[in-house]
Every structure is written in C-alpha cells, then in structure tokens.
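One structure below.
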Amino acid sequence: MPEPMIRLNRLTQSFDGVTAVDALSMDIAEGEIFGFLGHNGAGKTTTIQMLTTLARPASGTATVAGHDICSEPLEVRRRIGYVPENVRLYDTLTAAENLIFFARLSGVADPKRRVAEVLDLLECTYLADKRVGGFSKGMRQRVGLAQAILHQPAVLFLDEPTSGLDPMGIKMLRDLVMRLNTEFGMTIFMNTHLISEIAKTCTSIAVLSHGKLVYHDRIEAVTARYGDDAALEELYLSLTPVGRLAEVA
Amino acid sequence: MEAAPSPGWLIARQSARFVLRERTVALLSLMFVVLVLVSAWLGWSATSTVNRIYLDAAAFLQAAGQPVPTNPVLDISPLSLMRNMSVYVALIGALSAIVIGNRLIGLDRKAGVLPLIGIRPLGRNSYAAGKIAALTGLILALGAVAGVVAVATFLMLPVITLTGTQWAQLAGFMAVTTLYMGIFGLIGLAAGTWAKSETVGLLLPVTLWLTLTFILPQLTANLNPTAAINPISALATPPDTSFFHGAAVVLGPVSLADAYKFASAALLDYLPQGIASPSFIPPVINLVLATGLAGAIAWRALTRLSMTQGEYNV
C-alpha cells in the first residue's frame, strides 16, 4: 500500500492552555482533493499552519510528501504550495515582480520564464506588469495561487480559497484547482466553509469541530450515504451542532 | 538559466532594494549625506579662510620686513576640521540607521507576506542573516559616502597634507562612525521585529536614541543637552563628585554617544589634554561590545519572529 501524501499522527496545538487542534490523526492519499470542513475557530487554519511548517505542533507529528514537518521542515517546504485566506503581497511591486521574488526564494531555476508560464496557465498574463496594490480580491487570489505553484509543488494547501469571491471568481478558482489536480497531479488540501464546493470539487472530506476530527470519508461514500448537497449540509450541521457554534460565538 | 543564489542573499538583496524605494529612508539618507557635506564644507571653509588671511598677512609682513609667524592652520591637527561630522553622525546618522533597520523588517510585516516567505525552503536563520546583511550593506554604504566626502575634502585643501598615520586615523574614524550607526540600525531592526505595532517599533528605538544622545551624557559627563550637539563643549571634565563617579561606572558603558564622541575626538585629534572618557571601558571597545549586543538581540528577535502572527497590530 503506497504511503499517504499527508499523514497526521495525533497532531495537537494549543494556545495559552486552550487546545485548538486535539490529537488529529488521518491520512490523505496522493492525488486527492481533500476538503477540510469546520466552523469558525474549529482549528482548520491552525492545522494548515502546522502542516505547512509555519507553526510547530505542541505535540504529535505529521508527514507531508514523506517528510516530517518537525524534523525536515525545509524538505516539506520544497514540496508544498500555500494560498492563505487573505493573499497579502508587496503592494508597491507588480504581480510579476512579486512572483519572481517568491520563485527565487523557492529555488526556481529560471524565475522569469516560469512566472510567465504560470501567469499564462492561470490566464492572468494581463496582471503581470500591474502593481498589486490596486488589485481586487479575485486578482489577488489568482496571483496568490500563482505564487503557490511556481515551483510545481506536490501538495497545495488552500485556506478558504473562495472566501470573499463572487460566483464567477469561485467557479474560476474551482476550475483552476481541478486542473492543477488532474493535469499536474497535485494533491490539494483545502479548508472551506462552502459545502456546495466540497461536493463539486473534493474526492474526500473531513469535518473538524472544536479541534477534534468528527468525520472523515471519501466523497462517494458520503454522497452514497447522505445523497445530495442538502443532505451533506445536514451532515455537517449535525456534526457541528448549533449549541457548539454558540459557544464559539 | 540563472544561477540560484542562497536564500539569505536573496532576502538581503530584495530587502535592501525595497527599503531604498521608501521615501522616508531616501529622504533621511539624503539629509545625512547633505549634512556630511555641510560638515566637510564648514571645516574646509574655516581652514581655507584662515589660510587665506594668513597668506595675505604673511605677504604684508614680509614686505614690511617683519618676521612671519607660522601658519595657524598648521598648528592644529588637520583631521580636527572633520569634528562637525561626529555631531551629525550622532544625530541624523543614528536616526537614519534606526529608520533603515525598522523598515527592513517593517516592509515584510506591513505587507503581510511573512507566511508566504515562511513556507519557502529557507530557514529562520537564513531570513535573519539576510535582514542583518541588508542592514550591514546599507549602513556601510552610508559610511562609505561619509568617507568619500571626508577624503575629497582633504584632497581639495592644498595647504593640508595628511601623513600615513593621519589617513589611518581618518579610516579609523569612518570605521567607528559606521559601527555607531550600525548599533542604532540593529536596535531599529530588533525593535521593529519585536514590537506588536509599527508605531511602537519605531518609537522605542527613537526614545532610546534620545536617551543615549541627550540624557545619559548629562549624567555621565555633566553635559547640557544643547552642548551634546557641540563637538567641543561636549568634551569637558565632569565635576569631581561621588555622583558623577558612580554614574560613570554604572552608566558609562551604556552611554554610547559619549563613547562615540570620545573615540571620534581621539581619532580626529581634537580631544583636549587631560580629558578622558568617564567610562572604565575604552570607547572603541565599548562600541564594539554594544554592536555585538545589539546584533545578538536583533538575531534573537528575527529568528523567533512568528511567520503566522508576524503582521503588525493596527
């Protein structure tokens, strides 16, 4: 049996005595589009921060692309791309200047050529020479996606990628993610709130509630068991009860 | 195909380029260069004027058959004409260095790009080394500009010829000047990294600079704040009292403006006879130790900077 692309082994994080992620264990296979669902404050972003080596776990560990996030962070970083919820870039630089800088940091051999390629792939070459400061959320998200795939990572982490986007932007991003998965074989790890997106995009899902994993299965199993989007929503709400959400609020 | 430079070098190069694009940094650096030019011009002008008057007087005395005294320009060390530079360095040079250090980290934190840098294959040490290398490069550039101005001033004064030892002393003064600015650059970098808000990150080192320049010299050398900006009156013997003896022991090692002034005065030959630094640590050693300490603090702050929570609080 092949080793999973991402393996979490009792991954735990706490802040000031409060457990944000509680002994999370699961496997995500290579080539999956994994949807990570959960209410606000459930611990989704904290999990991504640990998996991308931005934060060290309090205990437990994980491997990404066969490398341990604690003992081999540089090896993990060579194999991952990351798009944060709010893509922030150097506003005074153009999109191309930003991307060339990040490409160089990622060790891309010919940054200018690669940036042109990626912008072409994402159909946003027209943004290359524009200053990022004036970009809309959708444009930023595209440049954010571009910086994440410059070095052709094996795993792409997306934190609420559709947050704040209009329906057209959501569809465009969904198509791009599917393309990166099917054409380039990238494993996608996506935090999201949008259940409809999960059903359209993901091959497996997990639900996190108050830092604990409460559900994890392949999407076919979920739809076979629960039916359409509406049923999926019912499942999600039953796993993250209103009472629990009120505690968070 | 481009050869891949090291990540630390990339951070250094990119940071230096970004900082140079900032208007505040450009204006302060320009002001520093202008004041260095002014200080050199003041020294050059004073020396040239005295020399011209002497030459006229000497010609008159010679024509009258009277004995000609020696040229007063040659009675004092030519290096002392650069003494105004030490004051401008202590004021605008240190302030420029603080702003440069602060912006070097502030540009990443304000832009919110730390997570995107944090997931690249570079260690926190490379990031810290890159930032400190960028600061070093920019401060060396400022020091080099001051050095070129000083050398040009001496070359333009035909009456003055520096000996090999004096050229070495001038080089020493420029090295001490660069070191002094470097201390404040590192303090600016450390505070900009450590502080949760951008304002605190800048106010903290500026307050420290004001304290070191205007308050501590009052306690260690009985120096009025206004005298601190005068290179001559800054160097007087403090009263022989137990307070000043105690203050010299306790505060002398941290009174960096005093250390810089005494080191400059010694190197530029304008330290009055019988006056010595109140600190028990020799001034140059004091500045070297302060650079090491500021560097260690900046390094610690940079290597511990959270890449997830690095943004400034608004």
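We name chains A, B, ... following the order of the structure tokens; residues begin at 1 in each chain, and ligands are numbered from 1 as shown.
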Residues of chain B that have any atom at most 12 Å from an atom of chain A: could you tabulate them with the shortest-distance atom pair and the distance in Å to one decimal, using only C-alpha atoms, ordered by chain and increasing number, as a Markdown table?
| residue | atom | partner | partner_atom | distance |
| --- | --- | --- | --- | --- |
| B:Met1 | CA | A:Asp110 | CA | 5.3 |
| B:Glu2 | CA | A:Asp110 | CA | 5.8 |
| B:Ala3 | CA | A:Ala109 | CA | 7.2 |
| B:Ala4 | CA | A:Gly107 | CA | 6.4 |
| B:Pro5 | CA | A:Arg104 | CA | 8.2 |
| B:Ser6 | CA | A:Leu105 | CA | 8.5 |
| B:Pro7 | CA | A:Leu105 | CA | 5.8 |
| B:Gly8 | CA | A:Leu105 | CA | 9.1 |
| B:Trp9 | CA | A:Leu105 | CA | 9.9 |
| B:Leu10 | CA | A:Leu105 | CA | 7.0 |
| B:Ile11 | CA | A:Leu105 | CA | 8.1 |
| B:Ala12 | CA | A:Leu105 | CA | 11.6 |
| B:Arg13 | CA | A:Phe101 | CA | 10.4 |
| B:Gln14 | CA | A:Phe101 | CA | 7.8 |
| B:Ser15 | CA | A:Phe101 | CA | 10.7 |
| B:Arg17 | CA | A:Leu93 | CA | 11.3 |
| B:Phe18 | CA | A:Thr92 | CA | 9.0 |
| B:Val19 | CA | A:Thr92 | CA | 11.5 |
| B:Arg21 | CA | A:Thr92 | CA | 9.3 |
| B:Glu22 | CA | A:Thr92 | CA | 9.9 |
| B:Gly106 | CA | A:Tyr90 | CA | 11.7 |
| B:Leu107 | CA | A:Tyr90 | CA | 8.2 |
| B:Asp108 | CA | A:Tyr90 | CA | 7.9 |
| B:Arg109 | CA | A:Tyr90 | CA | 10.2 |
| B:Lys110 | CA | A:Tyr90 | CA | 8.9 |
| B:Ala111 | CA | A:Tyr90 | CA | 5.5 |
| B:Gly112 | CA | A:Arg88 | CA | 5.4 |
| B:Val113 | CA | A:Arg88 | CA | 5.6 |
| B:Leu114 | CA | A:Arg88 | CA | 9.0 |
| B:Pro115 | CA | A:Leu54 | CA | 6.9 |
| B:Leu116 | CA | A:Tyr82 | CA | 7.4 |
| B:Ile117 | CA | A:Phe102 | CA | 7.5 |
| B:Gly118 | CA | A:Leu54 | CA | 6.1 |
| B:Ile119 | CA | A:Arg77 | CA | 5.5 |
| B:Arg120 | CA | A:Ser106 | CA | 5.5 |
| B:Pro121 | CA | A:Leu74 | CA | 4.8 |
| B:Leu122 | CA | A:Leu74 | CA | 6.6 |
| B:Gly123 | CA | A:Leu74 | CA | 7.1 |
| B:Arg124 | CA | A:Leu74 | CA | 10.4 |
| B:Ser126 | CA | A:Leu105 | CA | 11.1 |
| B:Tyr127 | CA | A:Leu105 | CA | 10.6 |
| B:Gly130 | CA | A:Leu105 | CA | 12.0 |
| B:Arg304 | CA | A:Ala55 | CA | 11.4 |
| B:Leu305 | CA | A:Leu54 | CA | 10.8 |
| B:Ser306 | CA | A:Ala55 | CA | 7.9 |
| B:Met307 | CA | A:Leu54 | CA | 6.0 |
| B:Thr308 | CA | A:Leu54 | CA | 6.2 |
| B:Gln309 | CA | A:Leu54 | CA | 9.7 |
| B:Gly310 | CA | A:Leu54 | CA | 10.9 |
| B:Glu311 | CA | A:Arg88 | CA | 10.5 |
For this session: Using DSSP on the backbone coordinates, identify all residues within segment 92-210 of chain A classified as strand (DSSP E); present the result as a ChimeraX atom specification.
Result: /A:155-159,187-192,204-209
Would you output that residue set with N, CA and C atoms, as a PDB file, in the first residue's frame?
ATOM      1  N   VAL A 155       2.062  19.103  -3.123  1.00  0.00           N
ATOM      2  CA  VAL A 155       0.851  19.335  -2.328  1.00  0.00           C
ATOM      3  C   VAL A 155       0.545  20.832  -2.308  1.00  0.00           C
ATOM      4  N   LEU A 156      -0.722  21.148  -2.509  1.00  0.00           N
ATOM      5  CA  LEU A 156      -1.141  22.543  -2.485  1.00  0.00           C
ATOM      6  C   LEU A 156      -2.141  22.735  -1.343  1.00  0.00           C
ATOM      7  N   PHE A 157      -1.809  23.649  -0.423  1.00  0.00           N
ATOM      8  CA  PHE A 157      -2.699  23.947   0.697  1.00  0.00           C
ATOM      9  C   PHE A 157      -3.466  25.235   0.391  1.00  0.00           C
ATOM     10  N   LEU A 158      -4.779  25.166   0.471  1.00  0.00           N
ATOM     11  CA  LEU A 158      -5.612  26.339   0.212  1.00  0.00           C
ATOM     12  C   LEU A 158      -6.451  26.610   1.450  1.00  0.00           C
ATOM     13  N   ASP A 159      -6.323  27.819   2.006  1.00  0.00           N
ATOM     14  CA  ASP A 159      -7.079  28.160   3.215  1.00  0.00           C
ATOM     15  C   ASP A 159      -8.242  29.062   2.821  1.00  0.00           C
ATOM     16  N   THR A 187      -1.725  17.111  -5.122  1.00  0.00           N
ATOM     17  CA  THR A 187      -2.653  16.776  -4.052  1.00  0.00           C
ATOM     18  C   THR A 187      -3.118  18.099  -3.446  1.00  0.00           C
ATOM     19  N   ILE A 188      -4.432  18.242  -3.286  1.00  0.00           N
ATOM     20  CA  ILE A 188      -4.958  19.515  -2.799  1.00  0.00           C
ATOM     21  C   ILE A 188      -5.545  19.336  -1.404  1.00  0.00           C
ATOM     22  N   PHE A 189      -5.158  20.192  -0.497  1.00  0.00           N
ATOM     23  CA  PHE A 189      -5.707  20.214   0.864  1.00  0.00           C
ATOM     24  C   PHE A 189      -6.403  21.563   1.011  1.00  0.00           C
ATOM     25  N   MET A 190      -7.746  21.527   1.129  1.00  0.00           N
ATOM     26  CA  MET A 190      -8.492  22.777   1.048  1.00  0.00           C
ATOM     27  C   MET A 190      -9.386  22.974   2.269  1.00  0.00           C
ATOM     28  N   ASN A 191      -9.160  24.054   2.982  1.00  0.00           N
ATOM     29  CA  ASN A 191     -10.082  24.454   4.060  1.00  0.00           C
ATOM     30  C   ASN A 191     -11.241  25.195   3.429  1.00  0.00           C
ATOM     31  N   THR A 192     -12.434  24.904   3.838  1.00  0.00           N
ATOM     32  CA  THR A 192     -13.559  25.647   3.260  1.00  0.00           C
ATOM     33  C   THR A 192     -14.788  25.625   4.171  1.00  0.00           C
ATOM     34  N   SER A 204     -12.322  13.619  -1.129  1.00  0.00           N
ATOM     35  CA  SER A 204     -12.553  13.146   0.245  1.00  0.00           C
ATOM     36  C   SER A 204     -12.739  14.351   1.154  1.00  0.00           C
ATOM     37  N   ILE A 205     -13.425  14.137   2.272  1.00  0.00           N
ATOM     38  CA  ILE A 205     -13.664  15.255   3.188  1.00  0.00           C
ATOM     39  C   ILE A 205     -13.427  14.827   4.640  1.00  0.00           C
ATOM     40  N   ALA A 206     -13.205  15.832   5.450  1.00  0.00           N
ATOM     41  CA  ALA A 206     -13.158  15.603   6.898  1.00  0.00           C
ATOM     42  C   ALA A 206     -13.837  16.798   7.559  1.00  0.00           C
ATOM     43  N   VAL A 207     -14.414  16.559   8.712  1.00  0.00           N
ATOM     44  CA  VAL A 207     -15.063  17.648   9.444  1.00  0.00           C
ATOM     45  C   VAL A 207     -14.377  17.789  10.802  1.00  0.00           C
ATOM     46  N   LEU A 208     -14.014  19.030  11.111  1.00  0.00           N
ATOM     47  CA  LEU A 208     -13.344  19.338  12.367  1.00  0.00           C
ATOM     48  C   LEU A 208     -14.300  20.159  13.225  1.00  0.00           C
ATOM     49  N   SER A 209     -14.437  19.779  14.474  1.00  0.00           N
ATOM     50  CA  SER A 209     -15.282  20.553  15.378  1.00  0.00           C
ATOM     51  C   SER A 209     -14.541  20.744  16.691  1.00  0.00           C
TER      52      SER A 209
END
Exercise. Can you list, as a list in words, every protein, DNA or RNA residue that comes within 10 Å of segment 163-171 of chain A when you count only C-alpha atoms, leaving out same-chain residues fewer than 4 positions away?
Worked result: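 Within the cut-off, the hits are Glu85, Asn86, Ser136, Lys137, Gly138, Met139, Gln141, Arg142, Asp159, Asp175, Leu176, Val177, Thr192, His193, Leu194 and Glu197 of chain A.
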Please save C-alpha atoms of the selected residues as a CSV table (one decimal), in the first residue's frame.
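Output contents, as saved in selection19.csv:
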chain,number,residue,atom,x,y,z
A,85,GLU,CA,-7.2,33.1,3.1
A,86,ASN,CA,-6.2,36.7,2.5
A,136,SER,CA,-9.3,43.2,-6.4
A,137,LYS,CA,-9.7,40.2,-4.1
A,138,GLY,CA,-10.1,37.9,-7.1
A,139,MET,CA,-7.0,39.2,-8.8
A,141,GLN,CA,-6.3,35.3,-5.2
A,142,ARG,CA,-5.0,34.4,-8.7
A,159,ASP,CA,-7.1,28.2,3.2
A,175,ASP,CA,-11.7,25.1,-12.4
A,176,LEU,CA,-8.1,26.0,-11.7
A,177,VAL,CA,-7.9,23.8,-8.7
A,192,THR,CA,-13.6,25.6,3.3
A,193,HIS,CA,-16.9,26.6,4.5
A,194,LEU,CA,-18.8,26.0,1.3
A,197,GLU,CA,-17.9,23.5,-3.3
For this session: For segment 118-127 of chain A, please output as a VMD selection string all residues within 10 Å (counting only C-alpha atoms; exclusion window: fewer than 6 positions along the same chain).
Result: chain A and resid 94 to 96 99 135 139 to 140 142 to 143 145 to 147 149 to 152 172 to 173 176 179 to 180
Store the residues picked out above, limited to C-alpha atoms, as a PDB file, in the first residue's frame.
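Just written: part24.pdb:
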ATOM      1  CA  THR A  94       3.914  44.452  -9.787  1.00  0.00           C
ATOM      2  CA  ALA A  95       2.473  40.950  -9.865  1.00  0.00           C
ATOM      3  CA  ALA A  96       5.454  39.714 -11.891  1.00  0.00           C
ATOM      4  CA  LEU A  99       6.196  36.311  -8.276  1.00  0.00           C
ATOM      5  CA  PHE A 135      -5.865  44.508  -7.263  1.00  0.00           C
ATOM      6  CA  MET A 139      -6.982  39.189  -8.784  1.00  0.00           C
ATOM      7  CA  ARG A 140      -5.021  38.783  -5.558  1.00  0.00           C
ATOM      8  CA  ARG A 142      -5.033  34.418  -8.681  1.00  0.00           C
ATOM      9  CA  VAL A 143      -1.600  35.867  -8.004  1.00  0.00           C
ATOM     10  CA  LEU A 145      -2.371  30.792  -6.483  1.00  0.00           C
ATOM     11  CA  ALA A 146       0.403  31.614  -8.952  1.00  0.00           C
ATOM     12  CA  GLN A 147       2.987  32.085  -6.176  1.00  0.00           C
ATOM     13  CA  ILE A 149       2.530  26.691  -7.831  1.00  0.00           C
ATOM     14  CA  LEU A 150       5.691  28.372  -9.184  1.00  0.00           C
ATOM     15  CA  HIS A 151       7.900  25.511  -8.012  1.00  0.00           C
ATOM     16  CA  GLN A 152       5.413  22.779  -9.059  1.00  0.00           C
ATOM     17  CA  MET A 172     -12.814  30.176 -11.944  1.00  0.00           C
ATOM     18  CA  LEU A 173     -10.874  29.128  -8.861  1.00  0.00           C
ATOM     19  CA  LEU A 176      -8.106  26.024 -11.726  1.00  0.00           C
ATOM     20  CA  ARG A 179      -6.884  21.489 -13.448  1.00  0.00           C
ATOM     21  CA  LEU A 180      -3.908  21.552 -11.116  1.00  0.00           C
TER      22      LEU A 180
END
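The gap separating atom CA of Arg52 of chain B from atom CA of Pro67 of chain B is 18.0 Å, in Å to one decimal.
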Exercise. What residues in segment 89-287 of chain B get the DSSP label helix (DSSP H, G or I)? Please answer as a PyMOL selection string.
Worked result: chain B and resi 89-111+114-118+124-155+164-194+198-221+225-229+242-254+256-267+283-287
For this session: Determine the nearest neighbour of Ala116 of chain A from the options A:Ile100, A:Thr63, A:Thr182, A:Ser71, counting only C-alpha atoms.
Result: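 Smallest separation from Ala116 of chain A among the options: A:Ile100.
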Exercise. Could you name the residues that touch Phe184 of chain B at 8 Å or less, counting only C-alpha atoms, but leaving out those on the same chain fewer than 6 positions away, as a list in words?
Worked result: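 With the cut-off at 8 Å, the set is Ala94, Leu95, Ala97, Ile98, Gly101, Pro205 and Trp209 of chain B.
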Exercise. Could you pull the residues within 12 Å of Ser14 of chain A, counting only C-alpha atoms, minus those fewer than 3 positions along the same chain, as a PyMOL selection string?
Worked result: chain A and resi 11+17-23+43+46-47+50+55-60+210-211
Keeping only C-alpha atoms, write the selected residues as a compact mmCIF listing (two decimals), in the first residue's frame.
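As written to disk, again.txt reads:
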# COMPACT_ATOMS: atom_id res chain seq x y z
CA LEU A 11 -1.28 16.37 15.76
CA GLY A 17 -3.76 26.44 27.62
CA VAL A 18 -6.64 26.20 25.13
CA THR A 19 -6.45 23.22 22.78
CA ALA A 20 -7.01 24.43 19.22
CA VAL A 21 -6.27 21.12 17.48
CA ASP A 22 -6.76 17.97 19.50
CA ALA A 23 -4.76 14.83 18.60
CA GLY A 43 -8.81 24.67 14.11
CA THR A 46 -4.09 26.09 12.71
CA THR A 47 -3.87 22.63 11.15
CA MET A 50 1.31 23.18 11.23
CA ALA A 55 3.89 26.74 13.28
CA ARG A 56 5.32 23.88 15.32
CA PRO A 57 2.79 21.48 16.85
CA ALA A 58 2.58 21.29 20.63
CA SER A 59 2.66 17.51 20.31
CA GLY A 60 2.17 14.78 17.75
CA HIS A 210 -13.61 22.33 18.30
CA GLY A 211 -10.25 20.92 17.27
Exercise. How many Å separate atom CA of Arg7 of chain A from atom CA of Arg174 of chain A?
Worked result: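 That distance, rounded to one decimal, is 24.7 Å.
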